[in-house]
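S.K.: Got run_28.txt for you, compact mmCIF, C-alpha atoms and all ligand atoms:
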```txt
# COMPACT_ATOMS: atom_id res chain seq x y z
CA MET A 1 12.04 -43.01 20.06
CA VAL A 2 12.75 -46.44 21.51
CA GLU A 3 11.77 -47.87 18.16
CA LEU A 4 14.17 -45.62 16.34
CA GLU A 5 17.00 -46.75 18.60
CA LYS A 6 16.14 -50.39 17.94
CA LEU A 7 16.16 -49.86 14.22
CA LYS A 8 19.51 -48.11 14.41
CA GLN A 9 20.92 -51.07 16.33
CA GLU A 10 19.55 -53.42 13.66
CA LEU A 11 21.18 -51.33 11.00
CA LYS A 12 24.52 -51.55 12.82
CA LYS A 13 24.19 -55.33 12.95
CA VAL A 14 23.45 -55.57 9.26
CA ASN A 15 26.43 -53.39 8.47
CA ALA A 16 28.62 -55.64 10.64
CA GLU A 17 27.23 -58.71 8.87
CA TYR A 18 28.16 -57.15 5.59
CA ALA A 19 31.77 -56.84 6.74
CA GLY A 20 31.76 -60.68 6.86
CA ILE A 21 31.49 -60.80 3.06
CA ARG A 22 35.22 -61.39 2.95
CA ASP A 23 34.72 -64.86 4.52
CA VAL A 24 32.01 -65.85 2.01
CA PRO A 25 33.14 -68.04 -0.93
CA VAL A 26 33.54 -65.95 -4.04
CA GLU A 27 30.72 -67.62 -5.99
CA LYS A 28 28.23 -66.86 -3.18
CA ARG A 29 29.25 -63.30 -2.56
CA ALA A 30 26.84 -61.73 -5.03
CA GLU A 31 23.81 -63.38 -3.49
CA PHE A 32 25.06 -62.64 0.02
CA GLY A 33 25.49 -59.00 -0.93
CA ARG A 34 21.97 -58.80 -2.38
CA GLU A 35 20.41 -60.31 0.73
CA ILE A 36 22.24 -57.99 3.09
CA ASN A 37 21.42 -55.00 0.96
CA ALA A 38 17.71 -55.90 0.88
CA LYS A 39 17.69 -56.12 4.69
CA LYS A 40 19.50 -52.80 4.93
CA GLN A 41 17.06 -51.06 2.59
CA GLU A 42 14.11 -52.35 4.59
CA ILE A 43 15.55 -51.01 7.84
CA LEU A 44 16.34 -47.64 6.26
CA ALA A 45 12.75 -47.40 4.98
CA ARG A 46 11.38 -48.16 8.44
CA ILE A 47 13.69 -45.54 9.98
CA ALA A 48 12.41 -42.95 7.50
CA ILE A 49 8.81 -43.73 8.45
CA VAL A 50 9.46 -43.49 12.18
CA GLU A 51 11.34 -40.21 11.75
CA GLN A 52 8.57 -38.71 9.65
CA GLU A 53 5.96 -39.74 12.21
CA ALA A 54 7.96 -38.08 14.97
CA LEU A 55 8.21 -34.88 12.91
CA ASP A 56 4.48 -34.84 12.19
CA ALA A 57 3.68 -35.26 15.87
CA GLU A 58 5.97 -32.35 16.73
CA VAL A 59 4.34 -30.05 14.18
CA GLU A 60 0.89 -30.95 15.45
CA SER A 61 1.90 -30.11 18.98
CA ILE A 62 2.82 -26.52 18.00
CA ASP A 63 -0.18 -24.32 18.73
CA VAL A 64 0.00 -21.77 15.96
CA THR A 65 -2.70 -19.71 17.65
CA ALA A 66 -0.65 -19.35 20.81
CA PHE A 67 0.31 -15.78 21.61
CA THR A 68 3.93 -16.55 22.45
CA ALA A 69 6.51 -19.11 21.48
CA PRO A 70 6.67 -21.98 24.05
CA ASN A 71 9.57 -20.60 26.07
CA GLU A 72 8.92 -16.93 25.63
CA GLN A 73 7.67 -14.79 28.48
CA VAL A 74 5.42 -11.86 27.64
CA PRO A 75 6.45 -8.82 29.61
CA ASP A 76 3.54 -7.48 31.67
CA VAL A 77 4.07 -3.94 30.43
CA TYR A 78 2.21 -4.80 27.24
CA PRO A 79 -0.73 -6.81 28.48
CA GLN A 80 -2.66 -6.46 25.22
CA SER A 81 -0.22 -5.80 22.44
CA TYR A 82 -2.19 -7.41 19.64
CA GLY A 83 -1.63 -5.71 16.32
CA SER A 84 -4.39 -3.96 14.45
CA LYS A 85 -4.88 -2.03 11.27
CA HIS A 86 -3.56 1.53 11.35
CA PRO A 87 -6.46 4.01 11.52
CA LEU A 88 -5.22 5.84 8.42
CA MET A 89 -5.29 2.61 6.42
CA THR A 90 -8.86 1.96 7.51
CA GLU A 91 -9.83 5.46 6.35
CA ILE A 92 -7.97 5.10 3.05
CA ASP A 93 -9.95 1.93 2.40
CA ARG A 94 -13.14 3.86 3.10
CA VAL A 95 -12.10 6.67 0.74
CA ALA A 96 -11.31 4.18 -2.02
CA GLU A 97 -14.59 2.40 -1.43
CA ILE A 98 -16.64 5.59 -1.85
CA TYR A 99 -14.95 6.35 -5.15
CA GLN A 100 -15.30 2.76 -6.29
CA LEU A 101 -19.02 2.95 -5.66
CA MET A 102 -19.03 5.95 -8.01
CA GLY A 103 -17.34 3.82 -10.69
CA PHE A 104 -13.69 4.77 -10.17
CA ASP A 105 -10.79 2.35 -10.46
CA VAL A 106 -8.19 2.48 -7.70
CA VAL A 107 -4.48 2.49 -8.58
CA GLU A 108 -1.73 2.55 -5.97
CA SER A 109 0.99 5.19 -6.18
CA ARG A 110 4.67 4.49 -5.69
CA GLN A 111 7.34 5.29 -3.10
CA LEU A 112 10.05 6.47 -5.47
CA ASP A 113 9.60 8.44 -8.63
CA ASP A 114 11.53 10.68 -10.99
CA GLU A 115 11.79 14.26 -12.17
CA TYR A 116 9.69 13.55 -15.24
CA HIS A 117 6.63 12.29 -13.37
CA MET A 118 7.03 14.73 -10.49
CA PHE A 119 7.31 17.84 -12.70
CA ASP A 120 7.87 17.62 -16.48
CA SER A 121 4.86 15.45 -17.34
CA LEU A 122 2.75 17.81 -15.23
CA ASN A 123 3.61 20.85 -17.34
CA PHE A 124 6.01 22.47 -14.86
CA ALA A 125 8.29 24.56 -17.05
CA LYS A 126 12.01 23.87 -16.62
CA GLU A 127 13.45 26.00 -13.80
CA HIS A 128 9.93 27.27 -12.94
CA PRO A 129 9.77 28.46 -9.31
CA ALA A 130 6.62 26.36 -8.79
CA ARG A 131 8.96 23.36 -8.59
CA ASP A 132 10.37 24.78 -5.37
CA GLY A 133 6.92 24.87 -3.81
CA TYR A 134 6.92 21.11 -3.39
CA ASP A 135 9.87 20.80 -0.98
CA THR A 136 10.98 17.57 -2.62
CA PHE A 137 13.46 15.15 -1.18
CA ARG A 138 15.94 13.65 -3.60
CA THR A 139 18.12 10.58 -3.48
CA GLU A 140 21.79 10.85 -4.43
CA GLU A 141 20.85 9.35 -7.79
CA GLY A 142 18.36 12.18 -8.37
CA LEU A 143 15.21 10.12 -7.77
CA ILE A 144 12.30 11.69 -5.91
CA PRO A 145 10.10 10.23 -3.20
CA PRO A 146 6.84 11.68 -4.56
CA ALA A 147 5.78 14.99 -2.99
CA HIS A 148 2.23 14.58 -4.33
CA THR A 149 0.15 11.80 -5.83
CA SER A 150 -0.08 13.84 -9.04
CA THR A 151 3.13 12.01 -10.04
CA MET A 152 0.77 9.23 -11.08
CA GLN A 153 -1.34 11.32 -13.47
CA HIS A 154 0.80 10.72 -16.53
CA ARG A 155 0.95 6.97 -15.86
CA VAL A 156 -2.77 6.69 -15.27
CA LEU A 157 -3.57 8.63 -18.45
CA LYS A 158 -1.30 6.40 -20.51
CA MET A 159 -2.45 3.22 -18.80
CA TYR A 160 -6.12 3.99 -19.43
CA ARG A 161 -6.13 5.96 -22.70
CA ASN A 162 -7.29 2.90 -24.67
CA LYS A 163 -10.58 3.18 -22.82
CA LEU A 164 -11.22 6.45 -24.61
CA THR A 165 -10.84 4.88 -28.04
CA GLU A 166 -13.27 2.19 -26.88
CA GLY A 167 -15.78 4.96 -26.20
CA LYS A 168 -15.43 4.77 -22.39
CA ASN A 169 -14.19 7.35 -19.87
CA ILE A 170 -11.14 7.37 -17.66
CA ALA A 171 -12.10 7.44 -13.97
CA VAL A 172 -9.30 6.56 -11.54
CA VAL A 173 -8.29 7.49 -8.02
CA VAL A 174 -4.79 7.06 -6.64
CA PRO A 175 -4.29 7.00 -2.88
CA GLY A 176 -0.67 7.11 -1.83
CA ARG A 177 2.06 8.11 0.56
CA VAL A 178 3.91 11.34 -0.16
CA TYR A 179 6.97 13.06 1.30
CA ARG A 180 8.00 16.67 1.76
CA ASN A 181 11.04 18.28 3.25
CA GLU A 182 9.05 20.49 5.63
CA ASP A 183 9.42 21.76 9.15
CA VAL A 184 7.27 19.39 11.16
CA ASP A 185 4.58 20.73 13.48
CA ALA A 186 1.05 19.81 14.54
CA THR A 187 -0.29 20.43 11.04
CA HIS A 188 2.73 19.51 8.92
CA GLU A 189 4.38 16.12 8.52
CA HIS A 190 7.27 15.09 6.28
CA THR A 191 5.35 11.90 5.44
CA PHE A 192 1.63 11.94 4.77
CA TYR A 193 -1.06 10.61 2.47
CA GLN A 194 -2.90 12.09 -0.46
CA CYS A 195 -5.56 10.89 -2.83
CA GLU A 196 -5.53 11.89 -6.47
CA GLY A 197 -8.46 11.71 -8.86
CA VAL A 198 -8.30 11.69 -12.64
CA TYR A 199 -11.30 11.83 -14.97
CA VAL A 200 -11.27 12.14 -18.76
CA SER A 201 -14.11 11.99 -21.28
CA LYS A 202 -15.33 13.78 -24.39
CA THR A 203 -17.82 15.97 -22.59
CA CYS A 204 -16.92 16.37 -18.92
CA THR A 205 -17.04 19.79 -17.28
CA MET A 206 -16.01 21.53 -14.10
CA GLY A 207 -19.62 21.06 -12.93
CA ASP A 208 -19.19 17.27 -13.10
CA MET A 209 -16.03 17.58 -11.03
CA LEU A 210 -17.70 19.64 -8.32
CA GLY A 211 -20.59 17.17 -8.25
CA ILE A 212 -18.24 14.22 -7.75
CA LEU A 213 -16.28 16.02 -5.04
CA ARG A 214 -19.40 17.10 -3.17
CA GLU A 215 -20.73 13.55 -3.33
CA PHE A 216 -17.45 12.20 -2.01
CA PHE A 217 -17.20 14.57 0.95
CA GLU A 218 -20.86 14.17 1.91
CA LYS A 219 -20.50 10.37 1.86
CA TYR A 220 -17.26 10.46 3.82
CA TYR A 221 -18.56 12.80 6.53
CA GLU A 222 -22.05 11.29 6.34
CA GLN A 223 -23.84 14.64 6.13
CA LYS A 224 -24.82 17.45 3.77
CA LEU A 225 -22.07 20.04 3.39
CA ASN A 226 -21.64 23.57 2.16
CA ILE A 227 -18.90 23.80 -0.41
CA ARG A 228 -16.99 26.72 -1.86
CA THR A 229 -14.21 27.13 -4.40
CA GLN A 230 -11.63 29.81 -4.95
CA PRO A 231 -9.12 30.26 -7.75
CA GLY A 232 -5.84 28.42 -7.35
CA TYR A 233 -2.71 27.85 -9.36
CA PHE A 234 -1.27 24.51 -10.45
CA PRO A 235 0.73 24.14 -13.68
CA PHE A 236 -1.13 20.94 -14.54
CA THR A 237 -4.66 22.34 -14.44
CA GLU A 238 -6.27 25.29 -16.23
CA PRO A 239 -8.33 26.69 -14.67
CA SER A 240 -7.26 25.59 -11.19
CA LEU A 241 -9.37 25.73 -8.05
CA GLU A 242 -9.07 25.21 -4.34
CA PHE A 243 -12.01 23.22 -3.06
CA MET A 244 -13.32 24.02 0.41
CA ILE A 245 -15.99 22.66 2.71
CA GLU A 246 -17.67 24.44 5.58
CA LYS A 247 -16.59 22.74 8.78
CA PRO A 248 -19.71 20.91 9.96
CA LYS A 249 -21.28 22.01 13.24
CA ALA A 250 -21.20 18.42 14.44
CA LEU A 251 -17.43 18.52 14.03
CA GLY A 252 -17.01 21.72 15.99
CA GLY A 253 -17.31 24.21 13.11
CA LYS A 254 -18.89 27.66 13.11
CA LYS A 255 -20.79 29.23 10.23
CA GLY A 256 -18.43 30.54 7.58
CA ASP A 257 -15.61 28.34 8.84
CA PHE A 258 -14.38 27.03 5.46
CA LEU A 259 -11.47 24.60 5.21
CA GLU A 260 -9.43 23.96 2.09
CA MET A 261 -9.61 20.26 1.37
CA LEU A 262 -7.92 19.85 -2.00
CA GLY A 263 -6.60 21.35 -5.21
CA CYS A 264 -8.36 20.61 -8.48
CA GLY A 265 -9.07 21.85 -11.97
CA MET A 266 -9.43 20.99 -15.64
CA ILE A 267 -6.40 18.98 -16.79
CA HIS A 268 -4.05 21.20 -18.80
CA PRO A 269 -4.06 20.35 -22.54
CA ASN A 270 -0.27 19.85 -22.42
CA VAL A 271 -0.66 17.14 -19.76
CA LEU A 272 -3.16 15.26 -21.94
CA LYS A 273 -0.97 15.73 -25.01
CA MET A 274 2.14 14.37 -23.28
CA ALA A 275 0.17 11.24 -22.37
CA GLY A 276 -0.92 10.76 -25.97
CA ILE A 277 -4.49 12.04 -25.54
CA ASP A 278 -5.78 14.62 -28.02
CA PRO A 279 -6.96 17.66 -26.01
CA ARG A 280 -9.10 18.83 -28.94
CA GLU A 281 -11.16 15.68 -28.57
CA TYR A 282 -11.07 14.93 -24.85
CA HIS A 283 -11.35 16.93 -21.62
CA GLY A 284 -10.39 15.95 -18.15
CA PHE A 285 -10.38 17.10 -14.58
CA ALA A 286 -8.17 16.10 -11.71
CA TRP A 287 -7.90 16.71 -8.02
CA GLY A 288 -5.60 15.87 -5.16
CA GLY A 289 -5.74 16.43 -1.43
CA GLY A 290 -4.37 15.29 1.90
CA MET A 291 -5.94 12.31 3.57
CA ASP A 292 -4.48 13.03 6.99
CA ARG A 293 -6.35 16.31 7.12
CA LEU A 294 -9.53 14.60 5.97
CA VAL A 295 -9.29 12.04 8.76
CA MET A 296 -8.28 14.59 11.39
CA LEU A 297 -11.42 16.59 10.73
CA LYS A 298 -13.61 13.50 10.94
CA TYR A 299 -12.28 12.50 14.37
CA GLY A 300 -11.41 15.93 15.75
CA LEU A 301 -7.68 15.16 15.89
CA ARG A 302 -5.30 18.04 16.49
CA ASP A 303 -1.84 16.68 15.83
CA VAL A 304 -0.98 15.12 12.47
CA ARG A 305 2.28 13.78 13.93
CA ASN A 306 0.34 11.07 15.78
CA PHE A 307 -0.24 9.18 12.56
CA GLU A 308 3.41 8.42 11.95
CA SER A 309 4.48 8.31 15.59
CA GLY A 310 3.70 4.71 16.50
CA ASN A 311 2.26 6.13 19.73
CA LEU A 312 0.26 3.19 21.10
CA ASN A 313 -1.96 5.34 23.30
CA PHE A 314 -3.10 7.23 20.24
CA LEU A 315 -3.56 4.11 18.12
CA ARG A 316 -5.57 2.35 20.84
CA GLU A 317 -8.18 5.10 20.67
CA PHE A 318 -9.36 3.69 17.35
N1 LIG B 1 -0.78 17.93 -6.34
C1 LIG B 1 -1.33 19.12 -5.73
C2 LIG B 1 -0.66 19.34 -4.38
O1 LIG B 1 -0.16 18.43 -3.81
C3 LIG B 1 -2.82 19.01 -5.56
C4 LIG B 1 -3.55 18.98 -6.85
C5 LIG B 1 -4.00 20.14 -7.42
C6 LIG B 1 -3.79 17.79 -7.52
C7 LIG B 1 -4.69 20.16 -8.61
C8 LIG B 1 -4.50 17.78 -8.73
C9 LIG B 1 -4.93 18.99 -9.27
O2 LIG B 1 -4.76 16.67 -9.40
O3 LIG B 1 -5.62 18.94 -10.42
O4 LIG B 1 -0.64 20.43 -3.91
```
I'd like the structure from this file rewritten - as structure tokens, please.
M.R.:
Amino acid sequence: MVELEKLKQELKKVNAEYAGIRDVPVEKRAEFGREINAKKQEILARIAIVEQEALDAEVESIDVTAFTAPNEQVPDVYPQSYGSKHPLMTEIDRVAEIYQLMGFDVVESRQLDDEYHMFDSLNFAKEHPARDGYDTFRTEEGLIPPAHTSTMQHRVLKMYRNKLTEGKNIAVVVPGRVYRNEDVDATHEHTFYQCEGVYVSKTCTMGDMLGILREFFEKYYEQKLNIRTQPGYFPFTEPSLEFMIEKPKALGGKKGDFLEMLGCGMIHPNVLKMAGIDPREYHGFAWGGGMDRLVMLKYGLRDVRNFESGNLNFLREF
């Protein structure tokens, strides 16, 4: 910085010299002014260089890999508080990957939706009591934080329907965060994750759907599984099923211990129609189920509340 000081002194001198212009004969003033100005510009340029060099040196001396800012003390209570990916996010990536390997596209859901996508586009009749089954939250403006990932079905169908006219199928999964106004306990959270699947083609059947779901669950749990279905009811599928897997022995299950993993069925013709797809020409199936439950079974977890709790002891187990 000594150099910078010197230059600043020089600049002062030049400025003082310039003040002497009054004593210079009129006809020489222009030249005098030019000379002084040239000197001044040179000094200013040198100052700029020195300042830039100082700045560069300072930036280089900041160790961006350092754990703390230079003057910051890390409290000992958190000796290893490095961040890491949330276990649920790791599992969601795995779920998406399995479907991708089967040829599905992955589309993200959204955090705020509306009455139309939550209910109307899914063939819920106006005032139908089934709407109450979803314990939806609402904003003051009447928007809805989605209570299931099915809110994305209508969008996905519209977004991909051109594929059908090109002779291809629609095959999309939608993982996403959902919200329900529920009493919270070890198996119920107000905020959790689901994954939706949507498939449409000219010839698909319920058998194809069960094949895809079996494949998914066997890949995810890395073992052969017994599956079972029972009739269900959803306004957006006809027929509707509940899809169950027998809890694997390796995961603490007994024979006959079936767990419901998701809801599914053949997409209702009205849902296809509303998205501009002719149900006389195309058929589809869809499914949706909770990811938290899926992950809990894999790792033998008992309390769903841990996922949203930010409890470091729980998170460090992964
Ligand atoms: N959205 C339903 C729920 O949250 C689950 C579901 C059932 C999704 C049937 C589907 C379906 O796509 O076809 O309870």
S.K.: Between A:Glu317, A:Asp23, A:Glu218, A:Asp135, which residue has the minimum interatomic distance to ligand LIG 1 (chain B), considering only C-alpha atoms and all ligand atoms?
M.R.: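 Ranked by minimum distance to ligand LIG 1 (chain B), first place goes to A:Asp135.
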S.K.: Could you give me, as a Markdown table, a per-residue list for chain A showing, wherever an atom lies at most 7 Å from an atom of ligand LIG 1 (chain B), the closest pair of atoms and their distance in Å to one decimal, using only C-alpha atoms and all ligand atoms and sorting by chain then residue number from low to high?
M.R.:
```
| residue | atom | partner | partner_atom | distance |
| --- | --- | --- | --- | --- |
| A:Ala147 | CA | B:LIG1 | O1 | 6.9 |
| A:His148 | CA | B:LIG1 | O1 | 4.6 |
| A:Thr149 | CA | B:LIG1 | N1 | 6.2 |
| A:Ser150 | CA | B:LIG1 | N1 | 5.0 |
| A:Glu196 | CA | B:LIG1 | O2 | 5.7 |
| A:Gly197 | CA | B:LIG1 | O2 | 6.2 |
| A:Val198 | CA | B:LIG1 | O2 | 6.9 |
| A:Phe234 | CA | B:LIG1 | C7 | 5.8 |
| A:Phe236 | CA | B:LIG1 | O3 | 6.4 |
| A:Thr237 | CA | B:LIG1 | O3 | 5.4 |
| A:Ser240 | CA | B:LIG1 | C7 | 6.5 |
| A:Leu262 | CA | B:LIG1 | C3 | 6.3 |
| A:Gly263 | CA | B:LIG1 | C5 | 3.6 |
| A:Cys264 | CA | B:LIG1 | C7 | 3.7 |
| A:Gly265 | CA | B:LIG1 | O3 | 4.8 |
| A:Met266 | CA | B:LIG1 | O3 | 6.8 |
| A:Ile267 | CA | B:LIG1 | O3 | 6.4 |
| A:Phe285 | CA | B:LIG1 | O3 | 6.6 |
| A:Ala286 | CA | B:LIG1 | O3 | 4.0 |
| A:Trp287 | CA | B:LIG1 | O2 | 3.4 |
| A:Gly288 | CA | B:LIG1 | C6 | 3.5 |
| A:Gly289 | CA | B:LIG1 | C3 | 5.7 |
```
S.K.: Work out how far apart atom CA of Val107 of chain A and atom CA of Arg177 of chain A are and give it in Å to one decimal.
M.R.: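 Taking atom CA of Val107 of chain A and atom CA of Arg177 of chain A, their separation equals 12.6 Å.
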S.K.: So which one's closest to Gly176 of chain A, A:Ile277, A:Ile92, A:Leu164, A:Val200? Using all atoms listed in the file, please.
M.R.: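 Of A:Ile277, A:Ile92, A:Leu164, A:Val200, the one nearest Gly176 of chain A, counting all atoms listed in the file, is A:Ile92.
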S.K.: Which residue is closest to Tyr221 of chain A? Choose from A:Phe137, A:Phe307, A:Phe318, A:Tyr299 and count all atoms listed in the file.
M.R.: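 The closest residue to Tyr221 of chain A is A:Tyr299.
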S.K.: Report, in Å with one decimal, the straight-line distance from atom CA of Met291 of chain A to atom CA of Glu308 of chain A.
M.R.: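 Straight-line distance from atom CA of Met291 of chain A to atom CA of Glu308 of chain A works out to 13.1 Å.
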S.K.: Would you mind telling me which residue in A:Leu210, A:Arg34, A:His86, A:His154 lies nearest to Asn123 of chain A when using all atoms listed in the file?
M.R.: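 Ranking A:Leu210, A:Arg34, A:His86, A:His154 by distance to Asn123 of chain A, first place goes to A:His154.
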S.K.: Have a look at A:Asp278, A:Glu58, A:Asp185, A:Asp257 and name the one nearest to Arg302 of chain A; count only C-alpha atoms.
M.R.: A:Asp185
S.K.: Which polymer residues have any atom within 12 Å of an atom of segment 42-52 of chain A, counting all atoms listed in the file, with same-chain residues fewer than 3 positions away left out, as a PyMOL selection string?
M.R.: chain A and resi 1-15+35-39+55-59
S.K.: How would the residues just chosen look if you wrote them out with C-alpha atoms as an mmCIF file, in the frame of the given file?
M.R.:
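Written output follows (part-v8.cif):
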```cif
data_model
loop_
_atom_site.group_PDB
_atom_site.id
_atom_site.type_symbol
_atom_site.label_atom_id
_atom_site.label_comp_id
_atom_site.auth_asym_id
_atom_site.auth_seq_id
_atom_site.Cartn_x
_atom_site.Cartn_y
_atom_site.Cartn_z
ATOM 1 C CA MET A 1 12.040 -43.010 20.060
ATOM 2 C CA VAL A 2 12.750 -46.440 21.510
ATOM 3 C CA GLU A 3 11.770 -47.870 18.160
ATOM 4 C CA LEU A 4 14.170 -45.620 16.340
ATOM 5 C CA GLU A 5 17.000 -46.750 18.600
ATOM 6 C CA LYS A 6 16.140 -50.390 17.940
ATOM 7 C CA LEU A 7 16.160 -49.860 14.220
ATOM 8 C CA LYS A 8 19.510 -48.110 14.410
ATOM 9 C CA GLN A 9 20.920 -51.070 16.330
ATOM 10 C CA GLU A 10 19.550 -53.420 13.660
ATOM 11 C CA LEU A 11 21.180 -51.330 11.000
ATOM 12 C CA LYS A 12 24.520 -51.550 12.820
ATOM 13 C CA LYS A 13 24.190 -55.330 12.950
ATOM 14 C CA VAL A 14 23.450 -55.570 9.260
ATOM 15 C CA ASN A 15 26.430 -53.390 8.470
ATOM 16 C CA GLU A 35 20.410 -60.310 0.730
ATOM 17 C CA ILE A 36 22.240 -57.990 3.090
ATOM 18 C CA ASN A 37 21.420 -55.000 0.960
ATOM 19 C CA ALA A 38 17.710 -55.900 0.880
ATOM 20 C CA LYS A 39 17.690 -56.120 4.690
ATOM 21 C CA LEU A 55 8.210 -34.880 12.910
ATOM 22 C CA ASP A 56 4.480 -34.840 12.190
ATOM 23 C CA ALA A 57 3.680 -35.260 15.870
ATOM 24 C CA GLU A 58 5.970 -32.350 16.730
ATOM 25 C CA VAL A 59 4.340 -30.050 14.180
#
```
S.K.: Report, in Å with one decimal, the straight-line distance from atom CA of Asp183 of chain A to atom CA of Gly133 of chain A.
M.R.: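 Straight-line distance from atom CA of Asp183 of chain A to atom CA of Gly133 of chain A works out to 13.6 Å.
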S.K.: Which polymer residues have any atom within 12 Å of an atom of Lys163 of chain A, counting all atoms listed in the file, with same-chain residues fewer than 4 positions away left out, as JSON, numbers by chain?
M.R.: {"A": [156, 157, 158, 159, 167, 168, 169, 170, 171, 172, 199, 200, 201, 202, 277, 282]}
S.K.: Which one is closest to Gly290 of chain A: A:Tyr220, A:Tyr99, A:Tyr193, A:Tyr233? Count only C-alpha atoms.
M.R.: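 Ranking A:Tyr220, A:Tyr99, A:Tyr193, A:Tyr233 by distance to Gly290 of chain A, first place goes to A:Tyr193.
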S.K.: Name all residues at most 10 Å from Lys224 of chain A (count only C-alpha atoms; drop same-chain ones fewer than 6 positions away) and give them as a PyMOL selection string.
M.R.: chain A and resi 214-215+217-218+248
S.K.: Would you fill out segment 240-252 of chain A with N, CA and C atoms and return it as a compact mmCIF listing (two decimals), in the frame of the given file?
M.R.:
```txt
# COMPACT_ATOMS: atom_id res chain seq x y z
N SER A 240 -7.51 26.34 -12.43
CA SER A 240 -7.26 25.59 -11.19
C SER A 240 -8.11 26.17 -10.07
N LEU A 241 -8.54 25.30 -9.18
CA LEU A 241 -9.37 25.73 -8.05
C LEU A 241 -8.87 25.14 -6.75
N GLU A 242 -9.21 25.83 -5.67
CA GLU A 242 -9.07 25.21 -4.34
C GLU A 242 -10.48 24.89 -3.88
N PHE A 243 -10.68 23.69 -3.43
CA PHE A 243 -12.01 23.22 -3.06
C PHE A 243 -12.12 23.24 -1.54
N MET A 244 -13.19 23.88 -1.05
CA MET A 244 -13.32 24.02 0.41
C MET A 244 -14.66 23.48 0.88
N ILE A 245 -14.70 23.01 2.11
CA ILE A 245 -15.99 22.66 2.71
C ILE A 245 -16.15 23.45 4.00
N GLU A 246 -17.41 23.76 4.32
CA GLU A 246 -17.67 24.44 5.58
C GLU A 246 -17.59 23.41 6.70
N LYS A 247 -16.78 23.71 7.69
CA LYS A 247 -16.59 22.74 8.78
C LYS A 247 -17.93 22.46 9.45
N PRO A 248 -18.37 21.22 9.43
CA PRO A 248 -19.71 20.91 9.96
C PRO A 248 -19.82 21.24 11.45
N LYS A 249 -21.02 21.68 11.83
CA LYS A 249 -21.28 22.01 13.24
C LYS A 249 -20.96 20.81 14.13
N ALA A 250 -21.40 19.64 13.65
CA ALA A 250 -21.20 18.42 14.44
C ALA A 250 -19.72 18.15 14.69
N LEU A 251 -18.87 18.75 13.85
CA LEU A 251 -17.43 18.52 14.03
C LEU A 251 -16.76 19.77 14.61
N GLY A 252 -17.56 20.58 15.27
CA GLY A 252 -17.01 21.72 15.99
C GLY A 252 -16.84 22.98 15.15
```
